[in-house]
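File shown here: run.cif, holding mmCIF, C-alpha atoms and all ligand atoms.
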data_protein
loop_
_atom_site.label_atom_id
_atom_site.label_comp_id
_atom_site.auth_asym_id
_atom_site.auth_seq_id
_atom_site.Cartn_x
_atom_site.Cartn_y
_atom_site.Cartn_z
CA MET A 83 -1.32 -23.32 10.03
CA GLY A 84 0.61 -26.43 9.00
CA THR A 85 -1.37 -29.44 7.81
CA MET A 86 -0.20 -32.99 7.27
CA ASP A 87 -0.86 -34.31 3.79
CA THR A 88 -1.44 -37.98 3.00
CA MET A 89 2.30 -38.55 2.57
CA GLY A 90 2.86 -37.39 6.13
CA THR A 91 4.91 -34.38 5.07
CA ASN A 92 4.26 -30.98 6.52
CA THR A 93 2.66 -28.69 3.93
CA MET A 94 2.53 -25.18 5.29
CA THR A 95 -0.32 -23.01 4.08
CA PRO A 96 1.39 -19.82 2.93
CA ARG A 97 0.35 -16.79 4.92
CA THR A 98 0.35 -13.58 2.92
CA THR A 99 0.69 -10.10 4.35
CA VAL A 100 0.22 -6.95 2.29
CA LEU A 101 2.02 -3.91 3.70
CA LYS A 102 1.81 -0.39 2.36
CA ILE A 103 4.23 2.34 3.39
CA GLY A 104 2.75 5.76 2.74
CA GLY A 105 4.32 8.42 0.59
CA SER A 106 4.10 10.64 3.67
CA VAL A 107 6.57 8.32 5.43
CA LEU A 108 9.10 7.98 2.58
CA THR A 109 8.99 11.52 1.14
CA GLU A 110 8.46 15.11 2.18
CA LYS A 111 4.97 15.88 0.88
CA THR A 112 6.06 19.09 -0.82
CA ASP A 113 5.48 20.16 -4.43
CA THR A 114 8.79 18.82 -5.76
CA PRO A 115 10.08 15.23 -5.44
CA THR A 116 11.92 15.11 -2.10
CA PRO A 117 12.86 11.74 -0.61
CA LYS A 118 13.52 11.05 3.06
CA PRO A 119 16.60 8.80 2.66
CA GLU A 120 16.90 7.97 6.36
CA ALA A 121 13.26 6.95 6.64
CA ILE A 122 13.51 4.86 3.45
CA ASN A 123 16.53 3.03 4.84
CA ARG A 124 15.00 2.53 8.28
CA CYS A 125 11.75 1.13 6.83
CA ALA A 126 13.75 -1.16 4.51
CA GLY A 127 15.80 -2.40 7.47
CA GLU A 128 12.70 -3.16 9.55
CA ILE A 129 11.07 -5.01 6.65
CA ALA A 130 14.21 -6.96 5.73
CA SER A 131 14.82 -8.05 9.33
CA SER A 132 11.22 -9.31 9.66
CA VAL A 133 11.12 -11.33 6.44
CA THR A 134 13.07 -14.57 6.18
CA PRO A 135 14.40 -14.84 2.62
CA ALA A 136 13.13 -17.87 0.70
CA ALA A 137 10.76 -18.84 3.52
CA ALA A 138 7.92 -18.93 1.04
CA ASP A 139 5.42 -19.90 3.76
CA ASN A 140 5.37 -16.34 5.11
CA ARG A 141 4.83 -14.09 2.13
CA LEU A 142 5.02 -10.35 1.86
CA ILE A 143 3.69 -8.06 -0.86
CA LEU A 144 4.90 -4.50 -0.46
CA VAL A 145 3.24 -1.39 -1.81
CA HIS A 146 4.39 2.18 -1.39
CA GLY A 147 2.76 5.51 -1.99
CA ALA A 148 4.05 8.31 -4.19
CA GLY A 149 4.16 11.31 -1.84
CA SER A 150 5.93 14.18 -3.59
CA PHE A 151 6.95 11.72 -6.36
CA GLY A 152 3.61 11.73 -8.16
CA HIS A 153 0.87 13.64 -6.37
CA PRO A 154 2.01 17.14 -7.39
CA GLN A 155 2.63 15.94 -10.97
CA ALA A 156 -0.84 14.32 -11.12
CA GLU A 157 -2.49 17.40 -9.66
CA LYS A 158 -1.33 19.71 -12.44
CA ARG A 159 -3.04 17.63 -15.17
CA SER A 160 -4.25 19.50 -18.21
CA LEU A 161 -7.30 17.34 -18.99
CA ARG A 162 -10.41 17.07 -16.84
CA ASN A 163 -10.47 13.33 -17.42
CA GLY A 164 -7.42 11.25 -18.21
CA PHE A 165 -3.85 12.37 -18.85
CA THR A 166 -1.87 13.32 -21.94
CA SER A 167 0.87 10.96 -23.07
CA SER A 168 3.58 13.29 -21.75
CA GLU A 169 1.79 13.47 -18.39
CA ILE A 170 1.64 9.66 -18.24
CA ILE A 171 5.38 9.53 -18.88
CA GLU A 172 6.19 12.25 -16.34
CA ILE A 173 4.05 10.80 -13.53
CA HIS A 174 5.23 7.25 -14.08
CA ARG A 175 8.92 8.14 -14.30
CA VAL A 176 8.89 10.19 -11.13
CA VAL A 177 7.13 7.52 -9.02
CA ALA A 178 9.32 4.82 -10.59
CA SER A 179 12.36 6.78 -9.40
CA LEU A 180 11.03 6.62 -5.81
CA ASN A 181 10.41 2.88 -6.31
CA GLU A 182 14.05 2.50 -7.34
CA LEU A 183 15.17 4.20 -4.09
CA VAL A 184 12.95 1.84 -2.06
CA ILE A 185 14.11 -1.28 -3.96
CA GLY A 186 17.76 -0.21 -3.58
CA ALA A 187 17.34 0.18 0.19
CA LEU A 188 15.58 -3.20 0.54
CA ILE A 189 18.29 -5.00 -1.44
CA LYS A 190 21.04 -3.26 0.56
CA ASN A 191 19.33 -4.61 3.68
CA GLY A 192 19.45 -8.15 2.31
CA LEU A 193 15.94 -8.64 0.90
CA PHE A 194 15.14 -10.11 -2.52
CA ALA A 195 12.97 -7.24 -3.75
CA VAL A 196 11.85 -6.47 -7.30
CA PRO A 197 9.77 -3.66 -8.83
CA VAL A 198 6.31 -4.41 -10.19
CA HIS A 199 5.06 -1.27 -11.92
CA PRO A 200 1.24 -1.07 -12.12
CA LEU A 201 1.51 0.82 -15.43
CA GLY A 202 2.68 -2.45 -16.97
CA CYS A 203 0.27 -4.89 -15.32
CA VAL A 204 -2.99 -3.08 -14.47
CA VAL A 205 -5.95 -1.89 -16.55
CA ALA A 206 -8.35 0.46 -14.78
CA GLU A 207 -11.96 1.33 -15.51
CA ASP A 208 -12.74 4.87 -14.41
CA GLY A 209 -9.98 4.85 -11.81
CA ARG A 210 -10.75 1.41 -10.34
CA ILE A 211 -8.55 -1.63 -11.04
CA ALA A 212 -10.39 -3.85 -13.54
CA ARG A 213 -7.56 -6.26 -14.39
CA ILE A 214 -4.19 -7.02 -12.87
CA ALA A 215 -1.62 -9.58 -14.03
CA THR A 216 -1.14 -11.62 -10.87
CA ALA A 217 0.83 -14.58 -12.32
CA PRO A 218 4.30 -12.99 -12.13
CA ILE A 219 3.60 -11.80 -8.56
CA ALA A 220 2.48 -15.30 -7.51
CA MET A 221 5.64 -16.82 -8.98
CA MET A 222 7.84 -14.28 -7.21
CA LEU A 223 6.15 -15.07 -3.90
CA ASP A 224 6.64 -18.82 -4.51
CA ARG A 225 10.37 -18.33 -4.50
CA GLY A 226 10.66 -15.83 -1.69
CA ILE A 227 11.00 -12.68 -3.77
CA VAL A 228 9.18 -9.62 -2.43
CA PRO A 229 7.26 -7.75 -5.16
CA VAL A 230 7.19 -4.01 -4.59
CA LEU A 231 4.30 -2.14 -6.22
CA HIS A 232 3.37 1.52 -5.91
CA GLY A 233 0.70 4.05 -6.66
CA ASP A 234 0.96 4.75 -10.39
CA VAL A 235 -0.68 6.14 -13.49
CA VAL A 236 -2.28 3.26 -15.44
CA MET A 237 -4.12 2.79 -18.71
CA ASP A 238 -7.87 3.12 -18.26
CA SER A 239 -10.53 1.69 -20.58
CA ARG A 240 -12.99 4.53 -19.82
CA VAL A 241 -10.88 7.67 -19.45
CA GLY A 242 -7.63 6.78 -21.22
CA ALA A 243 -5.38 6.87 -18.18
CA SER A 244 -6.00 7.29 -14.46
CA ILE A 245 -4.27 7.24 -11.09
CA VAL A 246 -4.45 4.04 -9.10
CA SER A 247 -3.45 4.69 -5.50
CA GLY A 248 -1.21 2.47 -3.42
CA ASP A 249 -4.20 2.20 -1.06
CA GLN A 250 -6.40 0.70 -3.81
CA LEU A 251 -3.61 -1.68 -4.89
CA VAL A 252 -3.35 -3.00 -1.34
CA THR A 253 -6.98 -4.05 -1.07
CA CYS A 254 -6.97 -5.45 -4.63
CA LEU A 255 -3.83 -7.55 -4.02
CA ALA A 256 -4.96 -8.64 -0.55
CA THR A 257 -8.25 -9.90 -1.98
CA ARG A 258 -6.69 -11.68 -4.97
CA PHE A 259 -3.95 -13.33 -2.90
CA GLY A 260 -6.21 -14.21 0.02
CA ALA A 261 -4.05 -12.20 2.42
CA ALA A 262 -4.36 -12.88 6.13
CA ARG A 263 -3.34 -9.36 7.13
CA ILE A 264 -3.05 -5.83 5.80
CA GLY A 265 -0.96 -2.97 7.17
CA PHE A 266 -1.13 0.67 6.23
CA GLY A 267 1.96 2.39 7.58
CA THR A 268 1.37 6.11 7.46
CA ALA A 269 2.67 9.25 9.20
CA VAL A 270 -0.01 9.47 11.92
CA ASP A 271 -0.78 7.08 14.78
CA GLY A 272 -4.02 5.78 13.24
CA VAL A 273 -7.48 7.16 12.59
CA ILE A 274 -7.91 10.13 14.91
CA VAL A 275 -11.40 11.02 16.14
CA ASP A 276 -12.06 13.68 18.80
CA GLY A 277 -8.30 14.07 19.25
CA SER A 278 -7.36 10.47 19.92
CA VAL A 279 -6.69 7.28 17.97
CA VAL A 280 -9.77 5.04 17.64
CA PRO A 281 -8.82 1.42 18.29
CA GLN A 282 -11.36 -0.04 15.86
CA ILE A 283 -13.72 0.99 13.07
CA THR A 284 -16.46 -1.27 11.70
CA PRO A 285 -19.07 -0.55 9.02
CA GLU A 286 -21.50 0.07 11.93
CA THR A 287 -19.29 2.57 13.79
CA PHE A 288 -18.01 4.33 10.63
CA GLU A 289 -21.18 6.39 10.24
CA ALA A 290 -20.71 8.18 13.57
CA VAL A 291 -17.04 9.11 12.96
CA GLN A 292 -16.91 9.56 9.19
CA SER A 293 -17.27 13.35 9.20
CA GLN A 294 -13.93 13.53 11.05
CA ILE A 295 -12.07 11.31 8.58
CA ARG A 296 -10.85 13.41 5.71
CA GLY A 297 -8.30 13.77 2.93
CA SER A 298 -4.62 14.46 3.39
CA ASP A 299 -3.08 17.65 4.83
CA GLY A 300 -0.23 17.23 2.34
CA THR A 301 -0.52 17.01 -1.43
CA ASP A 302 -2.37 13.73 -2.02
CA VAL A 303 -4.75 13.19 -4.92
CA THR A 304 -6.03 9.83 -3.71
CA GLY A 305 -8.15 10.45 -0.64
CA GLY A 306 -5.86 10.62 2.42
CA MET A 307 -7.14 8.84 5.52
CA ARG A 308 -10.71 8.72 4.24
CA GLY A 309 -9.56 6.85 1.12
CA LYS A 310 -7.76 4.24 3.24
CA VAL A 311 -10.69 3.60 5.57
CA LEU A 312 -13.19 3.36 2.69
CA GLU A 313 -10.94 0.85 0.86
CA LEU A 314 -10.57 -1.31 3.97
CA LEU A 315 -14.26 -1.24 4.91
CA GLU A 316 -15.03 -2.85 1.54
CA ILE A 317 -13.18 -6.06 2.36
CA GLY A 318 -13.12 -8.53 5.22
CA ILE A 319 -9.40 -8.81 6.05
CA ALA A 320 -7.83 -7.85 9.38
CA SER A 321 -6.25 -4.44 8.72
CA HIS A 322 -4.25 -1.98 10.77
CA ILE A 323 -3.50 1.66 10.10
CA PHE A 324 -0.42 2.58 12.15
CA ASN A 325 2.44 5.06 12.37
CA ALA A 326 5.35 3.87 10.20
CA SER A 327 7.23 7.13 10.82
CA LYS A 328 7.91 5.89 14.34
CA PRO A 329 10.93 3.56 14.44
CA GLY A 330 10.07 -0.05 15.25
CA MET A 331 6.39 0.05 14.30
CA ILE A 332 6.79 -1.77 10.95
CA ALA A 333 8.76 -4.54 12.66
CA ARG A 334 6.07 -4.79 15.35
CA PHE A 335 3.31 -4.99 12.74
CA LEU A 336 5.18 -7.69 10.83
CA SER A 337 5.70 -9.68 14.02
CA GLY A 338 1.90 -9.87 14.38
CA GLU A 339 1.16 -7.10 16.89
CA GLU A 340 -2.12 -5.18 16.87
CA LEU A 341 -1.30 -1.51 16.34
CA GLY A 342 -3.00 1.81 15.64
CA THR A 343 -6.54 1.53 14.29
CA ARG A 344 -7.98 -1.82 13.32
CA ILE A 345 -10.47 -1.68 10.45
CA CYS A 346 -12.95 -4.53 10.44
CA GLY A 347 -14.61 -4.51 7.05
CA ASN A 348 -17.60 -6.49 5.85
CA ALA A 349 -17.42 -10.19 6.75
CA ASP A 350 -14.63 -9.55 9.26
CA VAL A 351 -16.59 -8.18 12.22
N1 LIG A 401 -9.39 11.40 11.18
C1 LIG A 401 -8.13 11.39 10.70
N2 LIG A 401 -7.14 10.73 11.37
C2 LIG A 401 -5.87 10.73 10.90
N3 LIG A 401 -5.48 11.37 9.77
C3 LIG A 401 -6.41 12.06 9.06
C4 LIG A 401 -7.77 12.09 9.49
N4 LIG A 401 -8.48 12.83 8.60
C5 LIG A 401 -7.60 13.25 7.66
N5 LIG A 401 -6.34 12.80 7.92
C6 LIG A 401 -5.17 13.10 7.08
O1 LIG A 401 -4.85 11.94 6.32
C7 LIG A 401 -3.42 11.82 6.28
C8 LIG A 401 -3.04 10.39 5.93
O2 LIG A 401 -3.26 10.20 4.55
P1 LIG A 401 -2.11 10.44 3.47
O3 LIG A 401 -1.45 11.76 3.65
O4 LIG A 401 -2.69 10.12 2.14
O5 LIG A 401 -1.05 9.32 3.95
P2 LIG A 401 -0.16 8.32 3.06
O6 LIG A 401 0.98 9.14 2.56
O7 LIG A 401 0.25 7.29 4.09
O8 LIG A 401 -1.04 7.76 1.99
C9 LIG A 401 -2.99 12.27 7.65
O9 LIG A 401 -1.65 12.65 7.69
C10 LIG A 401 -3.92 13.47 7.88
O10 LIG A 401 -3.39 14.61 7.26
MG MG A 402 -2.17 8.82 0.51
#
Kindly return the structure encoded in the file as structure tokens.
Ligand SMILES: Nc1ncnc2c1ncn2[C@@H]1O[C@H](COP(=O)(O)OP(=O)(O)O)[C@@H](O)[C@H]1O
Ligand SMILES: [Mg+2]
Amino acid sequence: MGTMDTMGTNTMTPRTTVLKIGGSVLTEKTDTPTPKPEAINRCAGEIASSVTPAAADNRLILVHGAGSFGHPQAEKRSLRNGFTSSEIIEIHRVVASLNELVIGALIKNGLFAVPVHPLGCVVAEDGRIARIATAPIAMMLDRGIVPVLHGDVVMDSRVGASIVSGDQLVTCLATRFGAARIGFGTAVDGVIVDGSVVPQITPETFEAVQSQIRGSDGTDVTGGMRGKVLELLEIGIASHIFNASKPGMIARFLSGEELGTRICGNADV
């Protein structure tokens, strides 16, 4: 990890982790915005106790899902493609209000956390991220601030506006920041096939299990478990899908443990 430069000083290579906490962990996935305050506080506590403030050699980018703060609002869209301006405002404001709860809990637990709203820094093309302003995020990481992004409605050069999931943001950010590790904390123990958690999925083994990996049981417009696995199979970064509803699991993931289902994407097998 650490390398000695020509001056003999120790220059640590920063190690970046991208962690997503699912909307199913932080909210009740019902049709009105309903937070789970205890879960939000517990997750924030586990994250804050695992991240050393200002230790910019061990960087964390956080992403959270929308749960009932966004999915039901996005589902009742009036247009087949895109969203009206009032829908953009409604969806963004409701998910931003969940982000504020998460940020508040992180700060209360002693972390330097700031919101980074995708609506203000992402352009999509037909629902996929085409551009993202990474400079502010890089500068936050340099000084030990944890940027907190979330699934959001964003402007889209093809369809006007579209939903970019927290899951898609994770793989985009992990790729752009050369992350060493990705965690998807969700409300199940991992990818379940034939009734039990599969320890590992690779592009080769995906074919045989894919019919059992589906969307969400709750309201979720962005693909549920299938969406997560497909995102992760596209990239070659060590990734774990684990149960963040169980106390202690986020802390264990952040301490480097292998948990839940490991997805080994292309170039990572
Ligand atoms: N094979 C599978 N293993 C685990 N979960 C699955 C599977 N297939 C579908 N799911 C569903 O996907 C959900 C996880 O996705 P989602 O609800 O979008 O979580 P999050 O809120 O973390 O984004 C699970 O709770 C479950 O309902
Ligand atoms: Mg989801």
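Taking atom CA of Pro229 of chain A and atom CA of Gly260 of chain A as the two end points, the separation is 15.8 Å.
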Study note, to complete from the structure: Of A:Val303, A:Ile319, A:Val291, A:Ala220, the one nearest to Gly265 of chain A when counting all atoms listed in the file is A:Ile319
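As for atom CA of Val280 of chain A and atom N3 of ligand LIG 401 (chain A), they are spaced 11.0 Å apart.
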Exercise for review: Skip segment 203-206 of chain A itself and residues of its chain fewer than 4 positions away, then list as a PyMOL selection string all residues within 9 Å of it, counting only C-alpha atoms.
Suggested key: chain A and resi 198-199+210-216+236-241+243-246
Review point. Residues at most 6 Å from ligand LIG 401 (chain A), using only C-alpha atoms and all ligand atoms? Could they come as a list in words?
Key: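 So the residues close to ligand LIG 401 (chain A) are Gly104, Gly105, Ser106, Gly147, Gly149, Thr268, Ala269, Val270, Gly272, Val273, Ile274, Val275, Gln294, Ile295, Arg296, Gly297, Ser298, Asp299, Gly300, Asp302, Gly306 and Met307 of chain A.
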Review point. Between A:Ala178, A:Met331, A:Leu251, A:Leu142, which has the minimum distance to ligand MG 402 (chain A) (counting only C-alpha atoms and all ligand atoms)?
Key: A:Leu251
Generate the coordinates of N, CA, C and O atoms for segment 324-350 of chain A; report them as a compact mmCIF listing (two decimals), in the coordinates of the input.
# COMPACT_ATOMS: atom_id res chain seq x y z
N PHE A 324 -1.32 2.27 11.03
CA PHE A 324 -0.42 2.58 12.15
C PHE A 324 0.66 3.56 11.69
O PHE A 324 0.79 3.86 10.50
N ASN A 325 1.45 4.03 12.66
CA ASN A 325 2.44 5.06 12.37
C ASN A 325 3.80 4.45 11.99
O ASN A 325 4.56 4.02 12.85
N ALA A 326 4.09 4.44 10.67
CA ALA A 326 5.35 3.87 10.20
C ALA A 326 6.48 4.89 10.24
O ALA A 326 7.62 4.57 9.92
N SER A 327 6.16 6.15 10.64
CA SER A 327 7.23 7.13 10.82
C SER A 327 7.93 6.92 12.15
O SER A 327 9.01 7.46 12.37
N LYS A 328 7.29 6.17 13.05
CA LYS A 328 7.91 5.89 14.34
C LYS A 328 8.75 4.62 14.23
O LYS A 328 8.22 3.56 13.87
N PRO A 329 10.06 4.73 14.55
CA PRO A 329 10.93 3.56 14.44
C PRO A 329 10.38 2.36 15.20
O PRO A 329 9.87 2.50 16.31
N GLY A 330 10.46 1.19 14.59
CA GLY A 330 10.07 -0.05 15.25
C GLY A 330 8.65 -0.51 14.96
O GLY A 330 8.31 -1.67 15.17
N MET A 331 7.81 0.40 14.47
CA MET A 331 6.39 0.05 14.30
C MET A 331 6.18 -0.96 13.16
O MET A 331 5.34 -1.84 13.26
N ILE A 332 6.94 -0.82 12.07
CA ILE A 332 6.79 -1.77 10.95
C ILE A 332 7.18 -3.17 11.43
O ILE A 332 6.48 -4.15 11.17
N ALA A 333 8.30 -3.24 12.15
CA ALA A 333 8.76 -4.54 12.66
C ALA A 333 7.71 -5.14 13.59
O ALA A 333 7.43 -6.34 13.54
N ARG A 334 7.11 -4.29 14.44
CA ARG A 334 6.07 -4.79 15.35
C ARG A 334 4.86 -5.29 14.58
O ARG A 334 4.28 -6.33 14.89
N PHE A 335 4.45 -4.53 13.55
CA PHE A 335 3.31 -4.99 12.74
C PHE A 335 3.63 -6.35 12.10
O PHE A 335 2.82 -7.28 12.15
N LEU A 336 4.83 -6.46 11.53
CA LEU A 336 5.18 -7.69 10.83
C LEU A 336 5.36 -8.88 11.78
O LEU A 336 5.26 -10.02 11.38
N SER A 337 5.59 -8.57 13.07
CA SER A 337 5.70 -9.68 14.02
C SER A 337 4.31 -10.10 14.54
O SER A 337 4.19 -11.00 15.35
N GLY A 338 3.26 -9.42 14.07
CA GLY A 338 1.90 -9.87 14.38
C GLY A 338 1.17 -9.03 15.41
O GLY A 338 0.03 -9.34 15.76
N GLU A 339 1.82 -7.94 15.87
CA GLU A 339 1.16 -7.10 16.89
C GLU A 339 -0.05 -6.34 16.32
O GLU A 339 -0.08 -6.00 15.14
N GLU A 340 -0.98 -6.04 17.20
CA GLU A 340 -2.12 -5.18 16.87
C GLU A 340 -1.71 -3.74 17.16
O GLU A 340 -1.33 -3.43 18.29
N LEU A 341 -1.77 -2.88 16.16
CA LEU A 341 -1.30 -1.51 16.34
C LEU A 341 -2.29 -0.51 15.77
O LEU A 341 -3.04 -0.85 14.84
N GLY A 342 -2.23 0.72 16.25
CA GLY A 342 -3.00 1.81 15.64
C GLY A 342 -4.49 1.52 15.61
O GLY A 342 -5.07 1.08 16.60
N THR A 343 -5.09 1.76 14.45
CA THR A 343 -6.54 1.53 14.29
C THR A 343 -6.77 0.27 13.49
O THR A 343 -6.20 0.09 12.42
N ARG A 344 -7.61 -0.61 14.04
CA ARG A 344 -7.98 -1.82 13.32
C ARG A 344 -9.27 -1.55 12.54
O ARG A 344 -10.24 -1.03 13.10
N ILE A 345 -9.25 -1.84 11.24
CA ILE A 345 -10.47 -1.68 10.45
C ILE A 345 -11.05 -3.07 10.19
O ILE A 345 -10.37 -3.95 9.65
N CYS A 346 -12.27 -3.25 10.65
CA CYS A 346 -12.95 -4.53 10.44
C CYS A 346 -14.00 -4.31 9.37
O CYS A 346 -15.07 -3.77 9.65
N GLY A 347 -13.68 -4.71 8.16
CA GLY A 347 -14.61 -4.51 7.05
C GLY A 347 -15.72 -5.54 7.05
O GLY A 347 -15.83 -6.35 7.97
N ASN A 348 -16.51 -5.52 6.00
CA ASN A 348 -17.60 -6.49 5.85
C ASN A 348 -17.05 -7.90 5.95
O ASN A 348 -15.99 -8.19 5.43
N ALA A 349 -17.76 -8.77 6.61
CA ALA A 349 -17.42 -10.19 6.75
C ALA A 349 -16.29 -10.43 7.75
O ALA A 349 -15.87 -11.55 7.96
N ASP A 350 -15.77 -9.38 8.36
CA ASP A 350 -14.63 -9.55 9.26
C ASP A 350 -15.01 -9.20 10.70
O ASP A 350 -14.21 -9.32 11.61
